[in-house]
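**Q** Got a file for you: work.txt, compact mmCIF, C-alpha atoms.
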```txt
# COMPACT_ATOMS: atom_id res chain seq x y z
CA MET A 1 46.68 68.37 14.21
CA ALA A 2 48.17 65.88 16.63
CA TYR A 3 47.52 66.68 20.30
CA ARG A 4 50.66 67.60 22.25
CA ILE A 5 49.27 67.01 25.71
CA ILE A 6 46.84 64.42 27.07
CA THR A 7 45.31 64.70 30.52
CA VAL A 8 43.95 61.47 32.00
CA SER A 9 41.46 61.76 34.84
CA ARG A 10 40.23 58.52 36.33
CA GLN A 11 38.11 56.69 38.86
CA PHE A 12 40.25 54.86 41.44
CA GLY A 13 41.04 51.32 40.28
CA SER A 14 39.76 51.84 36.72
CA GLY A 15 43.17 51.37 35.10
CA GLY A 16 43.35 55.01 34.02
CA ARG A 17 46.93 55.35 35.22
CA SER A 18 47.92 52.27 33.28
CA VAL A 19 46.16 53.56 30.14
CA GLY A 20 47.96 56.89 30.52
CA LYS A 21 51.34 55.21 30.94
CA LYS A 22 50.92 52.88 27.95
CA LEU A 23 49.66 55.75 25.82
CA ALA A 24 52.71 57.86 26.71
CA GLU A 25 55.01 54.95 25.78
CA LYS A 26 53.23 54.35 22.47
CA LEU A 27 53.35 58.06 21.60
CA GLY A 28 56.90 58.58 22.87
CA TYR A 29 55.58 61.36 25.12
CA ALA A 30 56.73 62.15 28.65
CA TYR A 31 54.58 60.64 31.38
CA TYR A 32 53.92 62.71 34.52
CA ASP A 33 52.63 61.10 37.65
CA LYS A 34 55.38 60.41 40.21
CA GLU A 35 57.62 62.85 38.33
CA LEU A 36 55.04 65.55 38.91
CA VAL A 37 55.01 64.75 42.62
CA LYS A 38 58.81 65.13 42.65
CA GLN A 39 58.67 68.52 40.99
CA VAL A 40 55.93 69.74 43.33
CA SER A 41 58.04 68.51 46.24
CA LEU A 42 61.02 70.54 45.02
CA ALA A 43 58.85 73.63 44.52
CA THR A 44 57.05 73.47 47.86
CA GLY A 45 59.36 71.67 50.24
CA PHE A 46 56.52 69.26 51.11
CA ALA A 47 57.48 65.59 51.37
CA PRO A 48 56.49 63.48 48.32
CA GLU A 49 54.34 61.29 50.60
CA PHE A 50 52.40 64.33 51.77
CA ILE A 51 51.81 65.45 48.18
CA GLU A 52 50.71 61.95 47.12
CA GLU A 53 48.26 61.88 50.00
CA LYS A 54 46.93 65.44 49.79
CA GLY A 55 47.46 66.46 46.18
CA GLU A 56 44.21 64.92 45.00
CA TYR A 57 42.53 64.22 48.30
CA ALA A 58 42.03 67.48 50.17
CA GLN A 59 39.92 66.82 53.22
CA SER A 60 36.89 68.93 53.87
CA ARG A 61 38.28 71.56 56.19
CA SER A 62 36.89 72.18 59.66
CA LYS A 63 37.48 75.61 61.13
CA LEU A 64 39.93 74.11 63.58
CA SER A 65 42.13 72.46 60.98
CA TYR A 66 41.97 75.66 58.95
CA LEU A 67 43.35 77.63 61.90
CA PHE A 68 46.07 75.07 62.53
CA THR A 69 47.30 74.92 58.97
CA THR A 70 47.19 78.65 58.34
CA VAL A 71 48.45 79.99 61.66
CA GLY A 72 51.35 77.59 61.72
CA THR A 73 52.72 78.61 58.36
CA ALA A 74 51.26 82.00 57.63
CA GLY A 75 54.55 83.46 56.47
CA VAL A 76 55.12 80.95 53.67
CA MET A 77 51.60 80.36 52.43
CA ASN A 78 50.06 83.83 52.64
CA GLY A 79 47.28 82.60 54.88
CA MET A 80 46.20 79.81 52.50
CA THR A 81 45.45 76.35 53.86
CA ALA A 82 48.07 73.72 53.07
CA ALA A 83 45.66 72.17 50.55
CA ASP A 84 45.13 75.48 48.72
CA TYR A 85 48.84 76.21 48.71
CA LEU A 86 49.59 72.73 47.37
CA TYR A 87 47.00 73.16 44.62
CA THR A 88 48.50 76.51 43.63
CA MET A 89 51.97 74.99 43.34
CA GLN A 90 50.73 71.89 41.53
CA ARG A 91 48.94 74.16 39.07
CA LYS A 92 52.15 76.08 38.41
CA VAL A 93 54.14 72.87 37.86
CA ILE A 94 51.47 71.51 35.47
CA LEU A 95 51.40 74.74 33.45
CA ASP A 96 55.23 74.64 33.22
CA LEU A 97 55.28 70.97 32.16
CA ALA A 98 52.66 71.69 29.49
CA GLU A 99 54.86 74.47 28.10
CA LYS A 100 57.83 72.10 27.91
CA GLY A 101 56.20 69.79 25.41
CA ASP A 102 54.56 66.49 24.51
CA CYS A 103 53.30 64.70 27.60
CA VAL A 104 50.60 62.67 29.33
CA ILE A 105 49.54 63.98 32.75
CA VAL A 106 47.52 61.80 35.10
CA GLY A 107 45.06 63.29 37.60
CA ARG A 108 45.59 66.42 39.73
CA CYS A 109 42.87 68.51 38.03
CA ALA A 110 45.14 68.84 34.96
CA ASP A 111 42.01 68.67 32.75
CA TYR A 112 40.75 71.85 34.38
CA ILE A 113 44.12 73.58 34.68
CA LEU A 114 44.83 73.07 30.95
CA ARG A 115 41.23 73.51 29.76
CA ASP A 116 42.05 76.47 27.51
CA ARG A 117 44.88 74.83 25.56
CA PRO A 118 43.55 73.66 22.17
CA ASP A 119 46.51 71.26 21.77
CA THR A 120 45.33 69.23 24.78
CA LEU A 121 43.07 66.17 24.76
CA HIS A 122 41.16 65.48 27.97
CA ALA A 123 40.27 61.86 28.73
CA PHE A 124 38.30 60.36 31.61
CA ILE A 125 38.71 56.66 32.41
CA HIS A 126 36.14 54.80 34.47
CA ALA A 127 34.78 51.30 35.11
CA PRO A 128 31.98 49.64 37.07
CA VAL A 129 32.53 49.02 40.80
CA PRO A 130 32.83 45.19 40.71
CA TYR A 131 35.55 45.40 38.03
CA ARG A 132 37.50 48.01 39.99
CA ALA A 133 37.04 46.17 43.30
CA GLU A 134 38.53 43.00 41.85
CA ARG A 135 41.35 44.97 40.24
CA ILE A 136 42.51 46.84 43.35
CA VAL A 137 42.58 43.66 45.42
CA ARG A 138 44.64 41.97 42.69
CA LEU A 139 47.06 44.91 42.35
CA TYR A 140 47.26 46.39 45.84
CA GLY A 141 46.19 43.45 48.01
CA GLU A 142 43.51 43.13 50.67
CA SER A 143 43.11 45.60 53.51
CA GLU A 144 40.91 45.93 56.60
CA GLN A 145 38.31 47.82 54.57
CA SER A 146 36.22 46.12 51.90
CA PRO A 147 37.38 47.02 48.37
CA GLU A 148 34.01 48.73 47.74
CA LYS A 149 34.57 50.96 50.77
CA ARG A 150 38.11 51.78 49.59
CA LEU A 151 36.76 52.78 46.16
CA ALA A 152 34.01 54.94 47.65
CA ASP A 153 36.45 56.64 50.05
CA LYS A 154 39.10 57.41 47.47
CA ASP A 155 36.66 58.55 44.78
CA GLY A 156 34.76 60.58 47.37
CA LYS A 157 37.93 62.45 48.31
CA ARG A 158 38.89 62.99 44.66
CA ARG A 159 35.39 64.32 44.01
CA VAL A 160 35.54 66.80 46.93
CA ASN A 161 39.02 67.94 45.90
CA TYR A 162 38.07 68.36 42.22
CA GLU A 163 34.83 70.16 42.90
CA HIS A 164 36.47 72.46 45.45
CA PHE A 165 39.20 73.61 43.07
CA THR A 166 37.36 73.57 39.74
CA GLY A 167 33.70 74.26 40.52
CA ARG A 168 32.86 71.44 38.10
CA THR A 169 31.09 68.14 38.68
CA TRP A 170 33.61 65.31 38.95
CA GLY A 171 33.04 62.55 36.37
CA ALA A 172 30.63 64.58 34.21
CA ALA A 173 31.21 63.55 30.58
CA GLU A 174 31.07 67.16 29.42
CA ASN A 175 34.36 68.00 31.20
CA TYR A 176 36.24 65.74 28.79
CA ASP A 177 36.78 65.18 25.07
CA ILE A 178 36.41 61.44 25.54
CA SER A 179 35.40 59.14 28.39
CA LEU A 180 35.97 55.40 28.29
CA ASN A 181 34.88 52.37 30.32
CA THR A 182 37.93 50.10 30.63
CA GLU A 183 35.86 47.02 31.44
CA SER A 184 33.71 47.07 28.31
CA ILE A 185 36.19 48.67 25.89
CA GLY A 186 39.31 46.96 27.26
CA GLU A 187 42.46 48.67 28.54
CA ASP A 188 44.56 48.12 25.42
CA ALA A 189 41.70 49.15 23.12
CA CYS A 190 41.40 52.38 25.13
CA VAL A 191 45.10 53.06 24.53
CA GLU A 192 44.65 52.34 20.82
CA LEU A 193 41.58 54.61 20.50
CA LEU A 194 43.29 57.47 22.29
CA TYR A 195 46.43 56.99 20.21
CA ARG A 196 44.42 57.30 17.00
CA ILE A 197 42.67 60.44 18.21
CA VAL A 198 45.96 62.03 19.28
CA LYS A 199 47.49 61.24 15.90
CA GLY A 200 44.35 62.29 14.03
CA GLU A 201 44.13 58.87 12.35
CA MET B 202 32.16 40.22 19.53
CA ALA B 203 30.45 42.90 17.49
CA TYR B 204 27.83 44.86 19.41
CA ARG B 205 24.29 44.28 18.15
CA ILE B 206 22.70 47.33 19.69
CA ILE B 207 23.99 50.88 20.23
CA THR B 208 22.19 53.38 22.41
CA VAL B 209 23.02 57.04 21.79
CA SER B 210 22.20 59.51 24.54
CA ARG B 211 22.97 63.14 23.83
CA GLN B 212 22.94 66.75 24.90
CA PHE B 213 20.52 68.84 22.85
CA GLY B 214 22.23 70.28 19.77
CA SER B 215 25.39 68.19 20.14
CA GLY B 216 24.85 66.27 16.90
CA GLY B 217 24.23 63.00 18.75
CA ARG B 218 21.19 62.19 16.61
CA SER B 219 23.20 62.77 13.48
CA VAL B 220 26.07 60.58 14.79
CA GLY B 221 23.55 57.82 15.59
CA LYS B 222 21.96 58.00 12.16
CA LYS B 223 25.27 57.95 10.26
CA LEU B 224 26.51 55.09 12.43
CA ALA B 225 23.37 53.05 11.71
CA GLU B 226 23.83 53.64 7.96
CA LYS B 227 27.50 52.67 8.07
CA LEU B 228 26.73 49.50 10.04
CA GLY B 229 23.61 48.62 8.05
CA TYR B 230 21.66 48.57 11.34
CA ALA B 231 18.10 49.77 11.88
CA TYR B 232 17.82 53.31 13.25
CA TYR B 233 15.13 54.05 15.81
CA ASP B 234 14.12 57.57 16.55
CA LYS B 235 10.92 58.62 14.71
CA GLU B 236 10.16 54.93 14.11
CA LEU B 237 10.20 54.36 17.85
CA VAL B 238 7.72 57.21 18.31
CA LYS B 239 5.44 55.58 15.74
CA GLN B 240 5.50 52.24 17.53
CA VAL B 241 4.86 53.84 20.93
CA SER B 242 1.97 55.71 19.33
CA LEU B 243 0.47 52.44 18.06
CA ALA B 244 0.92 50.79 21.46
CA THR B 245 -0.51 53.63 23.54
CA GLY B 246 -2.93 55.48 21.30
CA PHE B 247 -1.09 58.73 22.13
CA ALA B 248 -0.49 61.09 19.19
CA PRO B 249 3.11 61.04 17.86
CA GLU B 250 3.40 64.76 18.65
CA PHE B 251 2.50 64.11 22.29
CA ILE B 252 5.11 61.33 22.51
CA GLU B 253 7.76 63.53 20.88
CA GLU B 254 7.01 66.26 23.38
CA LYS B 255 6.63 64.16 26.53
CA GLY B 256 8.66 61.01 25.87
CA GLU B 257 11.91 62.56 27.03
CA TYR B 258 10.67 65.72 28.66
CA ALA B 259 8.37 64.79 31.52
CA GLN B 260 7.55 67.95 33.43
CA SER B 261 8.00 68.05 37.15
CA ARG B 262 4.52 67.17 38.32
CA SER B 263 2.47 69.43 40.54
CA LYS B 264 -0.23 67.79 42.62
CA LEU B 265 -2.85 69.40 40.42
CA SER B 266 -1.53 68.05 37.13
CA TYR B 267 -1.10 64.67 38.80
CA LEU B 268 -4.79 64.63 39.72
CA PHE B 269 -5.84 65.73 36.27
CA THR B 270 -3.81 63.14 34.40
CA THR B 271 -4.63 60.23 36.68
CA VAL B 272 -8.30 60.90 37.40
CA GLY B 273 -9.13 61.50 33.78
CA THR B 274 -7.72 58.20 32.58
CA ALA B 275 -7.60 55.94 35.59
CA GLY B 276 -9.12 53.01 33.74
CA VAL B 277 -6.44 52.77 31.08
CA MET B 278 -3.38 53.74 33.05
CA ASN B 279 -3.94 52.05 36.41
CA GLY B 280 -3.57 55.32 38.27
CA MET B 281 -0.19 56.16 36.70
CA THR B 282 0.51 59.67 35.45
CA ALA B 283 0.56 60.05 31.68
CA ALA B 284 4.36 60.44 31.87
CA ASP B 285 4.80 57.22 33.85
CA TYR B 286 2.47 55.32 31.55
CA LEU B 287 4.30 56.63 28.50
CA TYR B 288 7.64 55.57 30.00
CA THR B 289 6.32 52.09 30.69
CA MET B 290 5.14 51.69 27.11
CA GLN B 291 8.33 53.18 25.65
CA ARG B 292 10.31 50.75 27.75
CA LYS B 293 8.32 47.83 26.39
CA VAL B 294 8.80 48.99 22.79
CA ILE B 295 12.57 49.44 23.33
CA LEU B 296 12.93 45.96 24.85
CA ASP B 297 11.00 44.49 21.90
CA LEU B 298 13.09 46.35 19.32
CA ALA B 299 16.30 45.16 21.03
CA GLU B 300 15.06 41.58 20.78
CA LYS B 301 14.42 42.01 17.05
CA GLY B 302 18.04 42.67 16.22
CA ASP B 303 20.81 45.02 15.14
CA CYS B 304 19.90 48.63 15.75
CA VAL B 305 20.84 52.10 16.93
CA ILE B 306 18.40 53.70 19.40
CA VAL B 307 18.58 57.42 20.14
CA GLY B 308 17.53 58.82 23.52
CA ARG B 309 14.55 57.77 25.62
CA CYS B 310 16.57 56.27 28.51
CA ALA B 311 17.46 53.32 26.26
CA ASP B 312 20.92 53.19 27.88
CA TYR B 313 19.25 52.47 31.23
CA ILE B 314 16.52 50.21 29.87
CA LEU B 315 19.07 48.00 28.08
CA ARG B 316 21.81 48.28 30.74
CA ASP B 317 21.94 44.53 31.38
CA ARG B 318 22.42 43.42 27.76
CA PRO B 319 26.10 42.62 27.15
CA ASP B 320 25.61 42.97 23.38
CA THR B 321 24.78 46.66 23.76
CA LEU B 322 27.17 49.62 23.53
CA HIS B 323 26.11 52.79 25.33
CA ALA B 324 27.37 56.10 23.95
CA PHE B 325 26.88 59.65 25.21
CA ILE B 326 27.40 62.56 22.81
CA HIS B 327 27.99 66.08 24.09
CA ALA B 328 29.58 69.40 23.10
CA PRO B 329 30.29 72.81 24.65
CA VAL B 330 27.44 75.33 24.80
CA PRO B 331 28.74 77.82 22.16
CA TYR B 332 29.12 75.01 19.59
CA ARG B 333 25.62 73.70 20.27
CA ALA B 334 24.09 77.18 20.30
CA GLU B 335 25.51 77.95 16.87
CA ARG B 336 24.40 74.55 15.59
CA ILE B 337 20.75 74.75 16.69
CA VAL B 338 20.34 78.20 15.17
CA ARG B 339 21.83 76.93 11.91
CA LEU B 340 19.65 73.78 11.86
CA TYR B 341 16.42 74.86 13.52
CA GLY B 342 16.49 78.64 13.03
CA GLU B 343 16.11 81.48 15.50
CA SER B 344 13.32 81.67 18.06
CA GLU B 345 12.16 84.18 20.66
CA GLN B 346 14.41 82.57 23.25
CA SER B 347 18.20 82.85 23.07
CA PRO B 348 19.83 79.61 21.88
CA GLU B 349 21.56 79.30 25.27
CA LYS B 350 18.17 79.41 27.01
CA ARG B 351 16.77 76.80 24.60
CA LEU B 352 19.71 74.48 25.34
CA ALA B 353 19.35 74.92 29.10
CA ASP B 354 15.57 74.31 28.94
CA LYS B 355 15.72 71.20 26.80
CA ASP B 356 18.67 69.64 28.63
CA GLY B 357 17.06 70.54 31.95
CA LYS B 358 13.91 68.64 31.00
CA ARG B 359 15.88 65.65 29.72
CA ARG B 360 17.82 65.62 32.98
CA VAL B 361 14.68 65.66 35.14
CA ASN B 362 13.06 62.95 33.01
CA TYR B 363 16.18 60.73 33.02
CA GLU B 364 16.82 61.09 36.74
CA HIS B 365 13.17 60.46 37.58
CA PHE B 366 12.99 57.19 35.67
CA THR B 367 16.51 55.84 36.16
CA GLY B 368 17.73 57.19 39.51
CA ARG B 369 21.03 57.96 37.78
CA THR B 370 22.80 61.27 37.18
CA TRP B 371 22.24 62.47 33.64
CA GLY B 372 25.47 62.99 31.69
CA ALA B 373 27.69 61.13 34.18
CA ALA B 374 30.43 59.39 32.19
CA GLU B 375 30.06 56.21 34.24
CA ASN B 376 26.59 55.52 32.76
CA TYR B 377 28.16 54.92 29.34
CA ASP B 378 30.82 52.82 27.65
CA ILE B 379 32.05 55.83 25.74
CA SER B 380 31.35 59.57 25.78
CA LEU B 381 32.47 61.89 23.01
CA ASN B 382 32.70 65.65 22.47
CA THR B 383 31.59 66.29 18.88
CA GLU B 384 33.28 69.70 18.71
CA SER B 385 36.78 68.50 19.54
CA ILE B 386 36.61 65.00 18.07
CA GLY B 387 34.46 65.88 15.03
CA GLU B 388 31.11 64.33 14.09
CA ASP B 389 32.47 62.01 11.41
CA ALA B 390 35.40 60.93 13.56
CA CYS B 391 32.89 60.04 16.31
CA VAL B 392 31.01 57.84 13.83
CA GLU B 393 34.28 56.20 12.78
CA LEU B 394 35.41 55.55 16.37
CA LEU B 395 32.06 54.05 17.34
CA TYR B 396 32.03 51.93 14.18
CA ARG B 397 35.44 50.47 15.03
CA ILE B 398 34.37 49.68 18.60
CA VAL B 399 31.14 48.03 17.42
CA LYS B 400 33.07 45.92 14.93
CA GLY B 401 35.84 45.17 17.44
CA GLU B 402 38.48 46.60 15.07
```
Go ahead and express the file in the form of structure tokens.
**A**
Amino acid sequence: MAYRIITVSRQFGSGGRSVGKKLAEKLGYAYYDKELVKQVSLATGFAPEFIEEKGEYAQSRSKLSYLFTTVGTAGVMNGMTAADYLYTMQRKVILDLAEKGDCVIVGRCADYILRDRPDTLHAFIHAPVPYRAERIVRLYGESEQSPEKRLADKDGKRRVNYEHFTGRTWGAAENYDISLNTESIGEDACVELLYRIVKGE
Amino acid sequence: MAYRIITVSRQFGSGGRSVGKKLAEKLGYAYYDKELVKQVSLATGFAPEFIEEKGEYAQSRSKLSYLFTTVGTAGVMNGMTAADYLYTMQRKVILDLAEKGDCVIVGRCADYILRDRPDTLHAFIHAPVPYRAERIVRLYGESEQSPEKRLADKDGKRRVNYEHFTGRTWGAAENYDISLNTESIGEDACVELLYRIVKGE
């Protein structure tokens, strides 16, 4: 059986997004990343930028911020925090997209949300810190923070977000069908391996 | 470049040992599991059964057991606990075997011990609990404990041992080049995928 859906979870800067995109092209499957943000924006009314920022990076909530976000919008969000409401809507969009058909979905806890679908392959893409540090500077440029700090910050937020909503350990191999190191395996070889698994070759 | 050495770490009952053995046969590489125990036995004087039991399953040490193991054998082991001494000798044997040439090594923190060799591929093999529970009963028979309890015990000990000697999180995808779920991918397909990566195909 060929897999109909592939979820790609990834460490920041590992090239997971790129692997997901190339895989979708090779398979002729839909690719959901920005498109997913657009759909969540339509469903929630939140700005795409807000969803990009918060959709995978929920902050740890202080009591104060909890009060602010819930009191201000209690009517719409049934007393949920903005982060919880966003997760709920993202989950709904992901479940709908999965119903629609063949696709690759990057990030956003899709591995967890679609964990019970047997037609779904769950991949985790990672790479050592020096490789990712070099890569983000090359792709996104320098910033005030060191690349190592940027990696730790972004992965730290993804970890908190993932663990909050799934109760699982972020980056544990057992959450996935396959995990690959893009530095040692190579980005294109990762695409090729995943393609073969999806096709059952 | 073809990889010369493959380390296979695994959850208990996942079929990782079997994947390692089949891979070694397919590649024509040496396979070290029992053989490694034999060599550690020759180097340390410990009985093979003791090495099998303790080599990957160091108990958390109480002060009392620490005193017993160190005082009783201080001359030979320079004040190390039996577990630490065994690890040191296992490490030496693994480094020597890696020098000798093409091989597959199962377990025993070999992924960590050989982490700096670029000619080494590190694989982690895992599977969901129900699959492993069914498999251990089929292969090793029933016991007084439930299979789920046996899995939790054995993996718990491997985790403590691994984290004690390596400082890494056991089962984290980022420790490995590739991690595979034998239930979803299939044992033979895992062997095939690893074979292709080793050969650079």
**Q** Hey, list the chain A side of the contact with chain B: 8 Å cut-off, all atoms listed in the file, answer as a VMD selection string.
**A** chain A and resid 124 126 to 128 171 to 174 176 to 181 184 to 185 193 197
**Q** Would you mind telling me which residue in B:Gly387, B:Gly342, B:Gly368, B:Gly357 lies nearest to Ser215 (chain B) when using all atoms listed in the file?
**A**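 When distances to Ser215 (chain B) are compared using all atoms listed in the file, the smallest one comes from B:Gly387.
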**Q** With all atoms listed in the file as the counted atoms, please give the residues lying no more than 12 Å from Glu148 (chain A), apart from itself and same-chain residues fewer than 4 positions off, as a PyMOL selection string.
**A** chain A and resi 12-13+128-137+142-144+152-156
**Q** Determine the nearest neighbour of Leu139 (chain A) from the options A:Thr44, A:Ser18, A:Thr88, A:Thr81, counting only C-alpha atoms.
**A**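 Between A:Thr44, A:Ser18, A:Thr88, A:Thr81, the residue approaching Leu139 (chain A) most closely is A:Ser18.
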**Q** Any idea what the distance is between CA of Lys38 (chain A) and CA of Phe50 (chain A)?
**A**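 So the two atoms, CA of Lys38 (chain A) and CA of Phe50 (chain A), lie 11.2 Å apart.
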**Q** Which distance in Å separates CA of Glu53 (chain A) and CA of Asp84 (chain A), to one decimal?
**A**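 Between CA of Glu53 (chain A) and CA of Asp84 (chain A) the gap is 14.0 Å.
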**Q** Just how far from CA of Leu36 (chain A) is CA of Ile94 (chain A), in Å to one decimal?
**A**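 Taking CA of Ile94 (chain A) as the start and CA of Leu36 (chain A) as the end point, the length is 7.8 Å.
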**Q** Which residue out of A:Leu114, A:Ala98, A:Ala2, A:Met80 has the minimum interatomic distance to Leu194 (chain A) when all atoms listed in the file are used?
**A**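 Closest to Leu194 (chain A), using all atoms listed in the file: A:Ala2.
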**Q** Nearest residue to Asn362 (chain B) out of B:Lys400, B:Arg309, B:Arg316, B:Arg339, using all atoms listed in the file?
**A**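 That would be B:Arg309, the residue with the smallest distance to Asn362 (chain B).
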**Q** Report, as JSON, the centre and edge lengths in Å (one decimal) of the axis-aligned box enclosing every listed atom of region 9-18 of chain A, padded by 3 Å on each side.
**A**
```
{"center_x": 43.0, "center_y": 56.5, "center_z": 37.4, "size_x": 15.8, "size_y": 16.4, "size_z": 14.2}
```
**Q** Looking at all atoms listed in the file, which of A:Leu23, A:Ile6, A:Leu42, A:Val93 is the one that sits closest to Tyr195 (chain A)?
**A**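 Smallest distance to Tyr195 (chain A) is found for A:Leu23.
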**Q** Using all atoms listed in the file, which residue out of A:Phe165, A:Ala110, A:Lys34, A:Arg91 lies closest to Val8 (chain A)?
**A**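 Residue with the minimum atom-to-atom distance to Val8 (chain A): A:Ala110.
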